[in-house]
Each structure stands twice: as C-alpha cells, then as structure tokens.
Amino acid sequence: MDKSEKLLMGIENILSVVSDLVGEVAGLKSAEKEVFALDGHSISATQDIFHKEECTIKNQKRSILKKWNTSCMTEAVQQFLNLYQESSQELIRTS
C-alpha cells in the first residue's frame, strides 16, 4: 500500500468519526441544544437566558435524557463529552 492509499484510508476514517459525532449532535433539536449547553444552570437562569417557560425547559431536558438514555443532565453531558473525546482521539490516531 503506497502513501496515497494510506492517506485516503486515513481521510475516510476521519470523515467517518466526524460524521458519527455530527450525527449525535444533529439528533438534538436546536432548542434542546440550548438547554443541553446550559447544563448546570438553574431552570430559572435558563428561563432568563432563553425567555422560555419552565415547562418547556423541563420537556426539553426530559427529551435529552431520553435520547441519551440517562437519568440526569450531568450524565448526558458526560456521555457527549466522552463521545467527543473518543472522536478526537480517533482523529489523532488516524492522522
């Protein structure tokens, strides 16, 4: 296998890893992404930032927990960070 073939295989692998990560993030609706990004903030702080009703924020959090199959937002965020870290390490290995 010559260098160009190895390079193409590495690029394909990188694109695959990036695609997986993008797929996970894309699985969240944009409104859920806002709530997901503000994990650790109180519901009232989240309400103030996004001007949403408490029940809307709770529903969005519930939806995130269901999609990530976790019992709390901290676990969901940790799973996302682990996925991101694994993807980053995979990119480094293939570079």
# chains A, B, ... in the order shown; residues from 1 in each chain; ligands from 1
$ residues_around --residues "Leu38 (chain A)" --least-positions-apart "4" --cutoff "12 Å" --atoms "only C-alpha atoms" --output "list in words"
Ala31, Glu32, Lys33, Glu34, Ser42, Ile43, Ser44, Ala45, Thr46, Gln47, Asp48, Ile49, Phe50, Ile57, Gln60, Lys61, Met73, Thr74 and Val77 of chain A
$ atom_distance --atom1 "CA of Leu15 (chain A)" --atom2 "CA of Phe36 (chain A)"
25.0 Å
$ residues_around --residues "Gln79 (chain A)" --least-positions-apart "2" --cutoff "12 Å" --atoms "only C-alpha atoms" --output "list of chain:residue names"
A:Leu21, A:Glu24, A:Val25, A:Phe36, A:Ile64, A:Leu65, A:Lys67, A:Trp68, A:Asn69, A:Thr70, A:Ser71, A:Cys72, A:Met73, A:Thr74, A:Glu75, A:Ala76, A:Val77, A:Leu81, A:Asn82, A:Leu83, A:Tyr84, A:Gln85, A:Glu86
$ write_last_selection --atoms "N, CA and C atoms" --output "mmCIF file, in the first residue's frame"
data_model
loop_
_atom_site.group_PDB
_atom_site.id
_atom_site.type_symbol
_atom_site.label_atom_id
_atom_site.label_comp_id
_atom_site.auth_asym_id
_atom_site.auth_seq_id
_atom_site.Cartn_x
_atom_site.Cartn_y
_atom_site.Cartn_z
ATOM 1 N N LEU A 21 -19.970 11.906 15.165
ATOM 2 C CA LEU A 21 -20.130 12.971 16.153
ATOM 3 C C LEU A 21 -21.190 13.969 15.715
ATOM 4 N N GLU A 24 -24.662 12.582 16.263
ATOM 5 C CA GLU A 24 -25.135 12.648 17.648
ATOM 6 C C GLU A 24 -25.661 14.042 17.984
ATOM 7 N N VAL A 25 -24.921 15.051 17.602
ATOM 8 C CA VAL A 25 -25.341 16.421 17.887
ATOM 9 C C VAL A 25 -26.590 16.774 17.083
ATOM 10 N N PHE A 36 -29.195 21.897 26.613
ATOM 11 C CA PHE A 36 -28.068 20.980 26.819
ATOM 12 C C PHE A 36 -26.802 21.780 27.132
ATOM 13 N N ILE A 64 -33.911 15.244 26.090
ATOM 14 C CA ILE A 64 -32.465 14.986 26.022
ATOM 15 C C ILE A 64 -32.120 13.728 26.806
ATOM 16 N N LEU A 65 -32.654 13.603 28.014
ATOM 17 C CA LEU A 65 -32.369 12.434 28.851
ATOM 18 C C LEU A 65 -32.816 11.150 28.168
ATOM 19 N N LYS A 67 -33.167 10.674 24.853
ATOM 20 C CA LYS A 67 -32.311 10.416 23.693
ATOM 21 C C LYS A 67 -30.951 9.849 24.093
ATOM 22 N N TRP A 68 -30.417 10.314 25.217
ATOM 23 C CA TRP A 68 -29.095 9.865 25.659
ATOM 24 C C TRP A 68 -29.200 8.713 26.660
ATOM 25 N N ASN A 69 -30.442 8.305 26.960
ATOM 26 C CA ASN A 69 -30.686 7.186 27.868
ATOM 27 C C ASN A 69 -29.951 7.369 29.204
ATOM 28 N N THR A 70 -30.164 8.541 29.805
ATOM 29 C CA THR A 70 -29.540 8.853 31.083
ATOM 30 C C THR A 70 -30.595 9.314 32.076
ATOM 31 N N SER A 71 -30.191 9.361 33.343
ATOM 32 C CA SER A 71 -31.141 9.775 34.375
ATOM 33 C C SER A 71 -30.966 11.232 34.780
ATOM 34 N N CYS A 72 -29.866 11.871 34.370
ATOM 35 C CA CYS A 72 -29.669 13.280 34.699
ATOM 36 C C CYS A 72 -28.852 13.963 33.605
ATOM 37 N N MET A 73 -28.950 15.284 33.569
ATOM 38 C CA MET A 73 -28.254 16.051 32.535
ATOM 39 C C MET A 73 -26.742 15.905 32.654
ATOM 40 N N THR A 74 -26.237 15.781 33.867
ATOM 41 C CA THR A 74 -24.794 15.624 34.047
ATOM 42 C C THR A 74 -24.302 14.385 33.319
ATOM 43 N N GLU A 75 -25.060 13.291 33.413
ATOM 44 C CA GLU A 75 -24.694 12.057 32.698
ATOM 45 C C GLU A 75 -24.748 12.260 31.189
ATOM 46 N N ALA A 76 -25.771 12.959 30.722
ATOM 47 C CA ALA A 76 -25.910 13.204 29.282
ATOM 48 C C ALA A 76 -24.737 14.031 28.770
ATOM 49 N N VAL A 77 -24.378 15.070 29.517
ATOM 50 C CA VAL A 77 -23.248 15.904 29.116
ATOM 51 C C VAL A 77 -21.965 15.083 29.126
ATOM 52 N N LEU A 81 -19.426 14.430 26.094
ATOM 53 C CA LEU A 81 -18.004 14.767 26.173
ATOM 54 C C LEU A 81 -17.135 13.541 25.912
ATOM 55 N N ASN A 82 -17.556 12.387 26.427
ATOM 56 C CA ASN A 82 -16.815 11.152 26.166
ATOM 57 C C ASN A 82 -16.808 10.831 24.676
ATOM 58 N N LEU A 83 -17.956 10.994 24.036
ATOM 59 C CA LEU A 83 -18.052 10.744 22.601
ATOM 60 C C LEU A 83 -17.136 11.697 21.850
ATOM 61 N N TYR A 84 -17.150 12.964 22.245
ATOM 62 C CA TYR A 84 -16.303 13.964 21.597
ATOM 63 C C TYR A 84 -14.831 13.618 21.800
ATOM 64 N N GLN A 85 -14.474 13.233 23.037
ATOM 65 C CA GLN A 85 -13.087 12.899 23.339
ATOM 66 C C GLN A 85 -12.653 11.661 22.558
ATOM 67 N N GLU A 86 -13.496 10.631 22.508
ATOM 68 C CA GLU A 86 -13.174 9.426 21.744
ATOM 69 C C GLU A 86 -12.991 9.764 20.272
#
$ select_by_dssp --residues "chain A" --states "helix (DSSP H, G or I)" --output "ChimeraX atom specification"
/A:3-26,30-37,43-50,54-68,73-94
$ atom_distance --atom1 "CA of Phe80 (chain A)" --atom2 "CA of Thr56 (chain A)"
22.1 Å
$ decode --residues "region 51-75 of chain A" --atoms "N, CA, C and O atoms" --output "PDB file, in the first residue's frame"
ATOM      1  N   HIS A  51     -35.738  32.986  27.600  1.00  0.00           N
ATOM      2  CA  HIS A  51     -37.115  33.501  27.628  1.00  0.00           C
ATOM      3  C   HIS A  51     -38.113  32.393  27.283  1.00  0.00           C
ATOM      4  O   HIS A  51     -38.962  32.540  26.412  1.00  0.00           O
ATOM      5  N   LYS A  52     -37.971  31.273  27.996  1.00  0.00           N
ATOM      6  CA  LYS A  52     -38.867  30.127  27.793  1.00  0.00           C
ATOM      7  C   LYS A  52     -39.583  29.818  29.096  1.00  0.00           C
ATOM      8  O   LYS A  52     -39.105  30.138  30.181  1.00  0.00           O
ATOM      9  N   GLU A  53     -40.709  29.150  28.946  1.00  0.00           N
ATOM     10  CA  GLU A  53     -41.471  28.717  30.122  1.00  0.00           C
ATOM     11  C   GLU A  53     -40.754  27.556  30.805  1.00  0.00           C
ATOM     12  O   GLU A  53     -40.064  26.764  30.161  1.00  0.00           O
ATOM     13  N   GLU A  54     -40.975  27.439  32.115  1.00  0.00           N
ATOM     14  CA  GLU A  54     -40.362  26.359  32.889  1.00  0.00           C
ATOM     15  C   GLU A  54     -40.733  24.994  32.329  1.00  0.00           C
ATOM     16  O   GLU A  54     -39.879  24.116  32.190  1.00  0.00           O
ATOM     17  N   CYS A  55     -42.003  24.816  31.963  1.00  0.00           N
ATOM     18  CA  CYS A  55     -42.442  23.504  31.455  1.00  0.00           C
ATOM     19  C   CYS A  55     -41.749  23.177  30.123  1.00  0.00           C
ATOM     20  O   CYS A  55     -41.439  22.019  29.852  1.00  0.00           O
ATOM     21  N   THR A  56     -41.470  24.192  29.304  1.00  0.00           N
ATOM     22  CA  THR A  56     -40.772  23.972  28.036  1.00  0.00           C
ATOM     23  C   THR A  56     -39.356  23.472  28.296  1.00  0.00           C
ATOM     24  O   THR A  56     -38.904  22.506  27.679  1.00  0.00           O
ATOM     25  N   ILE A  57     -38.676  24.101  29.215  1.00  0.00           N
ATOM     26  CA  ILE A  57     -37.304  23.706  29.547  1.00  0.00           C
ATOM     27  C   ILE A  57     -37.289  22.298  30.130  1.00  0.00           C
ATOM     28  O   ILE A  57     -36.456  21.469  29.759  1.00  0.00           O
ATOM     29  N   LYS A  58     -38.219  22.004  31.019  1.00  0.00           N
ATOM     30  CA  LYS A  58     -38.286  20.659  31.601  1.00  0.00           C
ATOM     31  C   LYS A  58     -38.564  19.618  30.524  1.00  0.00           C
ATOM     32  O   LYS A  58     -37.961  18.530  30.540  1.00  0.00           O
ATOM     33  N   ASN A  59     -39.459  19.921  29.590  1.00  0.00           N
ATOM     34  CA  ASN A  59     -39.744  18.981  28.495  1.00  0.00           C
ATOM     35  C   ASN A  59     -38.517  18.759  27.619  1.00  0.00           C
ATOM     36  O   ASN A  59     -38.240  17.636  27.195  1.00  0.00           O
ATOM     37  N   GLN A  60     -37.777  19.820  27.350  1.00  0.00           N
ATOM     38  CA  GLN A  60     -36.579  19.689  26.537  1.00  0.00           C
ATOM     39  C   GLN A  60     -35.520  18.860  27.260  1.00  0.00           C
ATOM     40  O   GLN A  60     -34.860  18.018  26.657  1.00  0.00           O
ATOM     41  N   LYS A  61     -35.375  19.084  28.555  1.00  0.00           N
ATOM     42  CA  LYS A  61     -34.420  18.278  29.336  1.00  0.00           C
ATOM     43  C   LYS A  61     -34.841  16.814  29.335  1.00  0.00           C
ATOM     44  O   LYS A  61     -34.013  15.917  29.171  1.00  0.00           O
ATOM     45  N   ARG A  62     -36.132  16.572  29.513  1.00  0.00           N
ATOM     46  CA  ARG A  62     -36.647  15.200  29.511  1.00  0.00           C
ATOM     47  C   ARG A  62     -36.352  14.521  28.171  1.00  0.00           C
ATOM     48  O   ARG A  62     -35.948  13.364  28.115  1.00  0.00           O
ATOM     49  N   SER A  63     -36.523  15.257  27.093  1.00  0.00           N
ATOM     50  CA  SER A  63     -36.254  14.727  25.765  1.00  0.00           C
ATOM     51  C   SER A  63     -34.776  14.379  25.589  1.00  0.00           C
ATOM     52  O   SER A  63     -34.426  13.344  25.026  1.00  0.00           O
ATOM     53  N   ILE A  64     -33.911  15.244  26.090  1.00  0.00           N
ATOM     54  CA  ILE A  64     -32.465  14.986  26.022  1.00  0.00           C
ATOM     55  C   ILE A  64     -32.120  13.728  26.806  1.00  0.00           C
ATOM     56  O   ILE A  64     -31.378  12.864  26.331  1.00  0.00           O
ATOM     57  N   LEU A  65     -32.654  13.603  28.014  1.00  0.00           N
ATOM     58  CA  LEU A  65     -32.369  12.434  28.851  1.00  0.00           C
ATOM     59  C   LEU A  65     -32.816  11.150  28.168  1.00  0.00           C
ATOM     60  O   LEU A  65     -32.125  10.130  28.213  1.00  0.00           O
ATOM     61  N   LYS A  66     -33.966  11.212  27.514  1.00  0.00           N
ATOM     62  CA  LYS A  66     -34.478  10.038  26.808  1.00  0.00           C
ATOM     63  C   LYS A  66     -33.564   9.667  25.632  1.00  0.00           C
ATOM     64  O   LYS A  66     -33.221   8.504  25.448  1.00  0.00           O
ATOM     65  N   LYS A  67     -33.167  10.674  24.853  1.00  0.00           N
ATOM     66  CA  LYS A  67     -32.311  10.416  23.693  1.00  0.00           C
ATOM     67  C   LYS A  67     -30.951   9.849  24.093  1.00  0.00           C
ATOM     68  O   LYS A  67     -30.388   9.016  23.397  1.00  0.00           O
ATOM     69  N   TRP A  68     -30.417  10.314  25.217  1.00  0.00           N
ATOM     70  CA  TRP A  68     -29.095   9.865  25.659  1.00  0.00           C
ATOM     71  C   TRP A  68     -29.200   8.713  26.660  1.00  0.00           C
ATOM     72  O   TRP A  68     -28.180   8.225  27.137  1.00  0.00           O
ATOM     73  N   ASN A  69     -30.442   8.305  26.960  1.00  0.00           N
ATOM     74  CA  ASN A  69     -30.686   7.186  27.868  1.00  0.00           C
ATOM     75  C   ASN A  69     -29.951   7.369  29.204  1.00  0.00           C
ATOM     76  O   ASN A  69     -29.217   6.497  29.653  1.00  0.00           O
ATOM     77  N   THR A  70     -30.164   8.541  29.805  1.00  0.00           N
ATOM     78  CA  THR A  70     -29.540   8.853  31.083  1.00  0.00           C
ATOM     79  C   THR A  70     -30.595   9.314  32.076  1.00  0.00           C
ATOM     80  O   THR A  70     -31.718   9.625  31.706  1.00  0.00           O
ATOM     81  N   SER A  71     -30.191   9.361  33.343  1.00  0.00           N
ATOM     82  CA  SER A  71     -31.141   9.775  34.375  1.00  0.00           C
ATOM     83  C   SER A  71     -30.966  11.232  34.780  1.00  0.00           C
ATOM     84  O   SER A  71     -31.808  11.777  35.482  1.00  0.00           O
ATOM     85  N   CYS A  72     -29.866  11.871  34.370  1.00  0.00           N
ATOM     86  CA  CYS A  72     -29.669  13.280  34.699  1.00  0.00           C
ATOM     87  C   CYS A  72     -28.852  13.963  33.605  1.00  0.00           C
ATOM     88  O   CYS A  72     -28.158  13.306  32.827  1.00  0.00           O
ATOM     89  N   MET A  73     -28.950  15.284  33.569  1.00  0.00           N
ATOM     90  CA  MET A  73     -28.254  16.051  32.535  1.00  0.00           C
ATOM     91  C   MET A  73     -26.742  15.905  32.654  1.00  0.00           C
ATOM     92  O   MET A  73     -26.039  15.887  31.654  1.00  0.00           O
ATOM     93  N   THR A  74     -26.237  15.781  33.867  1.00  0.00           N
ATOM     94  CA  THR A  74     -24.794  15.624  34.047  1.00  0.00           C
ATOM     95  C   THR A  74     -24.302  14.385  33.319  1.00  0.00           C
ATOM     96  O   THR A  74     -23.256  14.407  32.667  1.00  0.00           O
ATOM     97  N   GLU A  75     -25.060  13.291  33.413  1.00  0.00           N
ATOM     98  CA  GLU A  75     -24.694  12.057  32.698  1.00  0.00           C
ATOM     99  C   GLU A  75     -24.748  12.260  31.189  1.00  0.00           C
ATOM    100  O   GLU A  75     -23.873  11.786  30.468  1.00  0.00           O
TER     101      GLU A  75
END
